[in-house]
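Just below is one structure, and these are the notes that go with it.
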2 protein chains.
Amino acid sequence: MPVVIACRQNMIAIQDTLDVISGKWRIPIIVCLTMRPELSFTELKEELVYISAKVLSAELRFMEENNLVSREVKKTTTLTVKYSLTAYGRTLERLLFSLMDWGLTHRVQITGKQALEVSNEDYINALRANLPPVVPGIV
Amino acid sequence: MPVVIACRQNMIAIQDTLDVISGKWRIPIIVCLTMRPELSFTELKEELVYISAKVLSAELRFMEENNLVSREVKKTTTLTVKYSLTAYGRTLERLLFSLMDWGLTHRVQITGKQALEVSNEDYINALRANLPPVVPGIV
DNA sequence: CTGCATCCAGATTGATACTG
DNA sequence: CAGTATCAATCTGGATGCAG
């Protein structure tokens, strides 16, 4: 039996996790909500700089369905909605550190340099232009 | 300063790792080469069941450029090329177990069931139809 | 303010056919 | 056997405009 069939349960589990954290904005959203535990839709949108309302909305709903984010409507004078990570959502933190550690090592492995230095400006431009600020041709 | 800017170096590191392991076939390829440490192009293609030669070729070259896979040409009577994980490629293993653990927990969290049972046949059909065998609407 | 609907562009993956 | 080239489909993310 092919390995890809025999190991399917394990690979599906890995893929499930990747599905939850893949995409252009999922990691940034999680990091924002980690650093600033409660944010409104507009605050999140400003933190994320170039995300569109449609995409932010879709991502937040996806994360809600996955129990990672809680959505709380505040009925003050003006309607606001507060988003925050659930306790379960915070279990992703350890995983993100593991991913970060490997990624930092990988930069060294591939480029021989200690870390990638990206200026604020370059990073903002990369976000706008929809280009990841990575070493061209590698990674 | 927006969180997404202030934390850019960390997020880039996470994204670097995700870029290396994301995509339909990267995880399956790594798992195949873990279970069977040396495989030819055709053997790999058979293990992966529905991958096309073009995609397999592109993925292997990408992984070679990232030092994860080594490519060795054997000049016997007939040309064969053996692929295997490098020592560096095997450093991904720990990460994959972390991803797998979270994914298994996630299934329980979302569906309330201990694990997803997918038959060989269903999994093969999903590979062919280009559909991940996941819970519809969730994950 | 908080989103949804529509339409659209670019990237990813695949099918098919062909080469050294 | 080990790929490459070309063309097509599908998927993701985005721009714009509108509504509760």
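Chain lettering (A, B, ...) mirrors the order of the structure tokens, residue numbering begins at 1 for each chain separately, and ligand numbering begins at 1 in order of display.
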
Discussion item. DSSP on the backbone, helix (DSSP H, G or I) only: what residues of chain A does that give? Format it as number ranges by chain.
Written reply: A: 3-6, 8-21, 26-35, 41-47, 53-65, 89-111, 120-129

Worksheet entry | Distance query range 42-49 of chain A at most 6 Å, only C-alpha atoms (C1' of nucleotides), self and fewer than 5 positions along chain excluded, as a list in words |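 Near neighbours after the sequence-gap exclusion: Pro2, Val3 and Val4 of chain B.
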
Kindly save the residues from that selection, with N, CA, C and O atoms included, as a PDB file, in the first residue's frame.
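Below is the file out-v2.pdb, written as the result:
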ATOM      1  N   PRO B   2       1.459  49.758  14.048  1.00  0.00           N
ATOM      2  CA  PRO B   2       0.606  48.558  13.986  1.00  0.00           C
ATOM      3  C   PRO B   2       1.378  47.291  14.357  1.00  0.00           C
ATOM      4  O   PRO B   2       2.562  47.158  14.019  1.00  0.00           O
ATOM      5  N   VAL B   3       0.684  46.403  15.034  1.00  0.00           N
ATOM      6  CA  VAL B   3       1.299  45.144  15.466  1.00  0.00           C
ATOM      7  C   VAL B   3       1.916  44.410  14.277  1.00  0.00           C
ATOM      8  O   VAL B   3       3.016  43.864  14.351  1.00  0.00           O
ATOM      9  N   VAL B   4       1.194  44.446  13.161  1.00  0.00           N
ATOM     10  CA  VAL B   4       1.616  43.686  11.993  1.00  0.00           C
ATOM     11  C   VAL B   4       2.952  44.194  11.453  1.00  0.00           C
ATOM     12  O   VAL B   4       3.694  43.462  10.798  1.00  0.00           O
TER      13      VAL B   4
END

Practice prompt. Could you list, as a list in words, the residues of chain B having an atom within 7 Å of chain D when counting only C-alpha atoms (C1' of nucleotides)?
Written response: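 Interface list for chain B against chain D: Phe41, Leu79 and Thr80 of chain B.
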
Selection export as a PDB file, in the first residue's frame, atoms kept: N, CA and C atoms:
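Contents of again-v7.pdb, freshly written:
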ATOM      1  N   PHE B  41      12.283   8.790  -8.955  1.00  0.00           N
ATOM      2  CA  PHE B  41      11.189   9.663  -9.401  1.00  0.00           C
ATOM      3  C   PHE B  41       9.906   8.858  -9.603  1.00  0.00           C
ATOM      4  N   LEU B  79      19.082   5.008 -16.746  1.00  0.00           N
ATOM      5  CA  LEU B  79      19.172   6.187 -15.896  1.00  0.00           C
ATOM      6  C   LEU B  79      18.126   6.141 -14.774  1.00  0.00           C
ATOM      7  N   THR B  80      18.597   6.263 -13.549  1.00  0.00           N
ATOM      8  CA  THR B  80      17.637   6.455 -12.454  1.00  0.00           C
ATOM      9  C   THR B  80      18.148   7.569 -11.558  1.00  0.00           C
TER      10      THR B  80
END

Discussion item. Using only C-alpha atoms for the distances, tell me which of B:Gly23, B:Gly112, B:Gly103, B:Gly89 is nearest to Glu59 in chain B.
Written reply: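 The closest residue to Glu59 in chain B is B:Gly23.
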
Worksheet entry | Atomic distance C1' of DA5 in chain C - CA of Leu56 in chain A, expressed in Å with one decimal |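 C1' of DA5 in chain C sits 15.4 Å away from CA of Leu56 in chain A.
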
Give the superposed chain A as a short mmCIF file (atom, residue, chain, number, x, y, z; two decimals) with C-alpha atoms, in the first residue's frame, the fit being least squares on chain B over all ordered C-alpha pairs.
data_model
loop_
_atom_site.label_atom_id
_atom_site.label_comp_id
_atom_site.auth_asym_id
_atom_site.auth_seq_id
_atom_site.Cartn_x
_atom_site.Cartn_y
_atom_site.Cartn_z
CA MET A 1 3.03 51.32 15.13
CA PRO A 2 0.68 48.58 13.94
CA VAL A 3 1.36 45.16 15.42
CA VAL A 4 1.68 43.70 11.94
CA ILE A 5 4.64 46.01 11.31
CA ALA A 6 6.25 45.77 14.71
CA CYS A 7 6.22 41.98 14.62
CA ARG A 8 7.15 41.59 10.98
CA GLN A 9 10.41 39.70 11.56
CA ASN A 10 8.64 37.07 13.62
CA MET A 11 5.77 36.74 11.20
CA ILE A 12 8.13 36.41 8.26
CA ALA A 13 9.89 33.55 10.05
CA ILE A 14 6.59 31.77 10.61
CA GLN A 15 5.58 32.37 7.02
CA ASP A 16 8.92 31.05 5.76
CA THR A 17 8.23 27.75 7.48
CA LEU A 18 4.68 27.61 6.19
CA ASP A 19 5.86 28.34 2.66
CA VAL A 20 8.16 25.35 2.85
CA ILE A 21 5.50 22.88 3.97
CA SER A 22 2.34 24.30 2.39
CA GLY A 23 0.76 23.05 -0.79
CA LYS A 24 -1.04 19.93 -1.73
CA TRP A 25 1.97 17.60 -2.03
CA ARG A 26 4.83 18.81 0.20
CA ILE A 27 3.72 16.98 3.33
CA PRO A 28 2.95 13.75 1.45
CA ILE A 29 6.38 13.92 -0.22
CA ILE A 30 8.16 14.43 3.09
CA VAL A 31 6.20 11.61 4.71
CA CYS A 32 7.00 9.26 1.83
CA LEU A 33 10.70 10.02 2.06
CA THR A 34 10.58 9.55 5.81
CA MET A 35 8.97 6.12 5.57
CA ARG A 36 11.02 4.96 2.60
CA PRO A 37 14.32 6.83 2.76
CA GLU A 38 15.39 6.53 -0.88
CA LEU A 39 13.01 6.60 -3.81
CA SER A 40 13.32 7.16 -7.54
CA PHE A 41 11.19 9.67 -9.37
CA THR A 42 8.83 6.97 -10.58
CA GLU A 43 8.64 5.24 -7.21
CA LEU A 44 7.74 8.55 -5.61
CA LYS A 45 5.17 9.18 -8.29
CA GLU A 46 3.56 5.81 -7.57
CA GLU A 47 3.59 6.40 -3.83
CA LEU A 48 1.85 9.70 -4.32
CA VAL A 49 -0.85 8.08 -6.47
CA TYR A 50 -2.31 11.08 -8.33
CA ILE A 51 0.48 13.59 -8.56
CA SER A 52 1.46 14.72 -12.06
CA ALA A 53 5.06 14.53 -13.25
CA LYS A 54 5.23 18.27 -13.69
CA VAL A 55 4.16 19.02 -10.16
CA LEU A 56 6.34 16.31 -8.63
CA SER A 57 9.28 17.64 -10.56
CA ALA A 58 8.64 21.21 -9.47
CA GLU A 59 8.15 20.26 -5.83
CA LEU A 60 11.33 18.20 -5.75
CA ARG A 61 13.33 21.04 -7.23
CA PHE A 62 11.89 23.46 -4.72
CA MET A 63 12.82 21.13 -1.88
CA GLU A 64 16.29 20.67 -3.31
CA GLU A 65 16.82 24.43 -3.41
CA ASN A 66 15.80 24.51 0.22
CA ASN A 67 18.30 21.79 1.17
CA LEU A 68 15.51 19.50 2.31
CA VAL A 69 15.94 16.83 -0.34
CA SER A 70 19.02 15.47 -2.06
CA ARG A 71 19.01 14.31 -5.66
CA GLU A 72 21.45 11.66 -6.77
CA VAL A 73 21.77 10.46 -10.37
CA LYS A 74 22.60 6.76 -10.67
CA LYS A 75 24.25 5.88 -13.98
CA THR A 76 23.33 2.22 -14.24
CA THR A 77 22.21 0.65 -17.51
CA THR A 78 19.15 2.83 -17.34
CA LEU A 79 19.07 6.32 -15.89
CA THR A 80 17.55 6.54 -12.44
CA VAL A 81 17.50 9.36 -9.96
CA LYS A 82 17.28 8.74 -6.24
CA TYR A 83 15.69 11.22 -3.90
CA SER A 84 16.08 11.28 -0.14
CA LEU A 85 15.68 13.66 2.76
CA THR A 86 18.80 15.46 3.88
CA ALA A 87 19.72 15.54 7.56
CA TYR A 88 18.39 19.07 7.51
CA GLY A 89 15.15 17.92 5.90
CA ARG A 90 14.68 15.49 8.76
CA THR A 91 14.64 18.41 11.21
CA LEU A 92 11.12 19.01 9.92
CA GLU A 93 9.97 15.79 11.54
CA ARG A 94 9.54 17.25 15.03
CA LEU A 95 7.55 20.12 13.59
CA LEU A 96 5.29 17.75 11.69
CA PHE A 97 4.52 15.89 14.90
CA SER A 98 3.57 19.16 16.60
CA LEU A 99 1.29 20.02 13.70
CA MET A 100 -0.20 16.54 13.80
CA ASP A 101 -0.89 16.72 17.52
CA TRP A 102 -2.68 20.04 17.23
CA GLY A 103 -4.65 18.79 14.23
CA LEU A 104 -5.81 15.69 16.06
CA THR A 105 -6.96 17.79 19.01
CA HIS A 106 -8.65 20.19 16.62
CA ARG A 107 -10.80 17.43 15.12
CA VAL A 108 -12.00 16.59 18.62
CA GLN A 109 -12.58 20.26 19.41
CA ILE A 110 -14.62 20.90 16.28
CA THR A 111 -16.42 17.65 15.64
CA GLY A 112 -16.47 16.08 19.09
CA LYS A 113 -15.25 12.87 17.52
CA GLN A 114 -11.98 11.24 18.41
CA ALA A 115 -10.59 11.11 14.90
CA LEU A 116 -11.62 11.27 11.29
CA GLU A 117 -12.05 7.85 9.74
CA VAL A 118 -11.37 7.94 6.04
CA SER A 119 -11.26 4.75 4.02
CA ASN A 120 -8.50 4.10 1.50
CA GLU A 121 -11.00 4.46 -1.28
CA ASP A 122 -12.41 7.78 -0.07
CA TYR A 123 -8.94 9.17 0.36
CA ILE A 124 -7.90 8.14 -3.13
CA ASN A 125 -11.04 9.69 -4.58
CA ALA A 126 -10.37 12.89 -2.67
CA LEU A 127 -6.84 13.02 -4.05
CA ARG A 128 -8.08 12.50 -7.57
CA ALA A 129 -10.89 15.01 -7.28
CA ASN A 130 -8.52 17.52 -5.70
CA LEU A 131 -10.73 17.77 -2.61
CA PRO A 132 -9.32 17.51 0.88
CA PRO A 133 -11.17 14.84 2.87
CA VAL A 134 -12.28 17.11 5.65
CA VAL A 135 -15.48 17.79 7.52
CA PRO A 136 -17.56 19.94 5.17
CA GLY A 137 -17.87 23.55 6.25
CA ILE A 138 -15.48 23.13 9.11
CA VAL A 139 -11.72 23.47 8.86
#

Discussion item. Only residues of chain C matter here; which ones have an atom within 12 Å of chain B, counting only C-alpha atoms (C1' of nucleotides)? Give them as an NGL selection string.
Written reply: :C and (12-16 or 20)

What does the file look like for those residues with C-alpha atoms (C1' of nucleotides), as a PDB file, in the first residue's frame?
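As a result, result05.pdb now contains:
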ATOM      1  C1'  DT C  12      -1.584  27.217  -8.089  1.00  0.00           C
ATOM      2  C1'  DT C  13      -2.434  22.853  -9.852  1.00  0.00           C
ATOM      3  C1'  DG C  14      -3.464  19.657 -13.435  1.00  0.00           C
ATOM      4  C1'  DA C  15      -4.066  17.190 -18.293  1.00  0.00           C
ATOM      5  C1'  DT C  16      -1.970  16.064 -22.268  1.00  0.00           C
ATOM      6  C1'  DG C  20      16.793  12.903 -24.265  1.00  0.00           C
TER       7       DG C  20
END

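DSSP secondary structure from the backbone places B:Leu39, B:Ser40, B:Val69, B:Ser70, B:Arg71, B:Glu72, B:Val73, B:Lys74, B:Lys75, B:Leu79, B:Thr80, B:Val81, B:Lys82, B:Tyr83, B:Ser84, B:Leu85 of range 35-101 of chain B in strand (DSSP E).
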
For the selection you just gave me, I'd like the residues written to a file as a PDB file, in the first residue's frame, keeping N, CA, C and O atoms.
ATOM      1  N   LEU B  39      13.977   6.941  -2.792  1.00  0.00           N
ATOM      2  CA  LEU B  39      13.011   6.591  -3.828  1.00  0.00           C
ATOM      3  C   LEU B  39      13.391   7.250  -5.146  1.00  0.00           C
ATOM      4  O   LEU B  39      13.899   8.368  -5.175  1.00  0.00           O
ATOM      5  N   SER B  40      13.127   6.550  -6.231  1.00  0.00           N
ATOM      6  CA  SER B  40      13.329   7.141  -7.556  1.00  0.00           C
ATOM      7  C   SER B  40      12.130   8.017  -7.886  1.00  0.00           C
ATOM      8  O   SER B  40      11.101   7.974  -7.209  1.00  0.00           O
ATOM      9  N   VAL B  69      15.908  18.090   0.390  1.00  0.00           N
ATOM     10  CA  VAL B  69      15.956  16.833  -0.350  1.00  0.00           C
ATOM     11  C   VAL B  69      17.246  16.787  -1.163  1.00  0.00           C
ATOM     12  O   VAL B  69      17.687  17.805  -1.687  1.00  0.00           O
ATOM     13  N   SER B  70      17.846  15.618  -1.225  1.00  0.00           N
ATOM     14  CA  SER B  70      19.022  15.473  -2.084  1.00  0.00           C
ATOM     15  C   SER B  70      18.669  14.622  -3.300  1.00  0.00           C
ATOM     16  O   SER B  70      17.840  13.715  -3.229  1.00  0.00           O
ATOM     17  N   ARG B  71      19.295  14.954  -4.407  1.00  0.00           N
ATOM     18  CA  ARG B  71      19.026  14.305  -5.691  1.00  0.00           C
ATOM     19  C   ARG B  71      20.323  13.662  -6.157  1.00  0.00           C
ATOM     20  O   ARG B  71      21.363  14.322  -6.238  1.00  0.00           O
ATOM     21  N   GLU B  72      20.260  12.355  -6.423  1.00  0.00           N
ATOM     22  CA  GLU B  72      21.465  11.630  -6.792  1.00  0.00           C
ATOM     23  C   GLU B  72      21.215  10.837  -8.068  1.00  0.00           C
ATOM     24  O   GLU B  72      20.339   9.973  -8.111  1.00  0.00           O
ATOM     25  N   VAL B  73      21.970  11.123  -9.106  1.00  0.00           N
ATOM     26  CA  VAL B  73      21.807  10.419 -10.383  1.00  0.00           C
ATOM     27  C   VAL B  73      22.635   9.147 -10.360  1.00  0.00           C
ATOM     28  O   VAL B  73      23.837   9.185 -10.105  1.00  0.00           O
ATOM     29  N   LYS B  74      21.967   8.014 -10.603  1.00  0.00           N
ATOM     30  CA  LYS B  74      22.646   6.723 -10.665  1.00  0.00           C
ATOM     31  C   LYS B  74      22.817   6.330 -12.129  1.00  0.00           C
ATOM     32  O   LYS B  74      21.823   6.156 -12.848  1.00  0.00           O
ATOM     33  N   LYS B  75      24.059   6.192 -12.575  1.00  0.00           N
ATOM     34  CA  LYS B  75      24.311   5.812 -13.964  1.00  0.00           C
ATOM     35  C   LYS B  75      24.474   4.303 -14.071  1.00  0.00           C
ATOM     36  O   LYS B  75      25.576   3.786 -14.209  1.00  0.00           O
ATOM     37  N   LEU B  79      19.082   5.008 -16.746  1.00  0.00           N
ATOM     38  CA  LEU B  79      19.172   6.187 -15.896  1.00  0.00           C
ATOM     39  C   LEU B  79      18.126   6.141 -14.774  1.00  0.00           C
ATOM     40  O   LEU B  79      16.937   5.978 -15.027  1.00  0.00           O
ATOM     41  N   THR B  80      18.597   6.263 -13.549  1.00  0.00           N
ATOM     42  CA  THR B  80      17.637   6.455 -12.454  1.00  0.00           C
ATOM     43  C   THR B  80      18.148   7.569 -11.558  1.00  0.00           C
ATOM     44  O   THR B  80      19.343   7.827 -11.477  1.00  0.00           O
ATOM     45  N   VAL B  81      17.208   8.224 -10.884  1.00  0.00           N
ATOM     46  CA  VAL B  81      17.544   9.312  -9.969  1.00  0.00           C
ATOM     47  C   VAL B  81      16.932   8.990  -8.614  1.00  0.00           C
ATOM     48  O   VAL B  81      15.745   8.684  -8.533  1.00  0.00           O
ATOM     49  N   LYS B  82      17.772   9.018  -7.592  1.00  0.00           N
ATOM     50  CA  LYS B  82      17.279   8.700  -6.260  1.00  0.00           C
ATOM     51  C   LYS B  82      17.102   9.971  -5.444  1.00  0.00           C
ATOM     52  O   LYS B  82      18.000  10.818  -5.406  1.00  0.00           O
ATOM     53  N   TYR B  83      15.954  10.073  -4.813  1.00  0.00           N
ATOM     54  CA  TYR B  83      15.682  11.210  -3.939  1.00  0.00           C
ATOM     55  C   TYR B  83      15.647  10.753  -2.493  1.00  0.00           C
ATOM     56  O   TYR B  83      15.147   9.682  -2.185  1.00  0.00           O
ATOM     57  N   SER B  84      16.194  11.572  -1.593  1.00  0.00           N
ATOM     58  CA  SER B  84      16.080  11.272  -0.164  1.00  0.00           C
ATOM     59  C   SER B  84      16.106  12.564   0.631  1.00  0.00           C
ATOM     60  O   SER B  84      16.525  13.607   0.131  1.00  0.00           O
ATOM     61  N   LEU B  85      15.622  12.494   1.851  1.00  0.00           N
ATOM     62  CA  LEU B  85      15.678  13.652   2.737  1.00  0.00           C
ATOM     63  C   LEU B  85      17.110  13.884   3.169  1.00  0.00           C
ATOM     64  O   LEU B  85      17.849  12.939   3.439  1.00  0.00           O
TER      65      LEU B  85
END
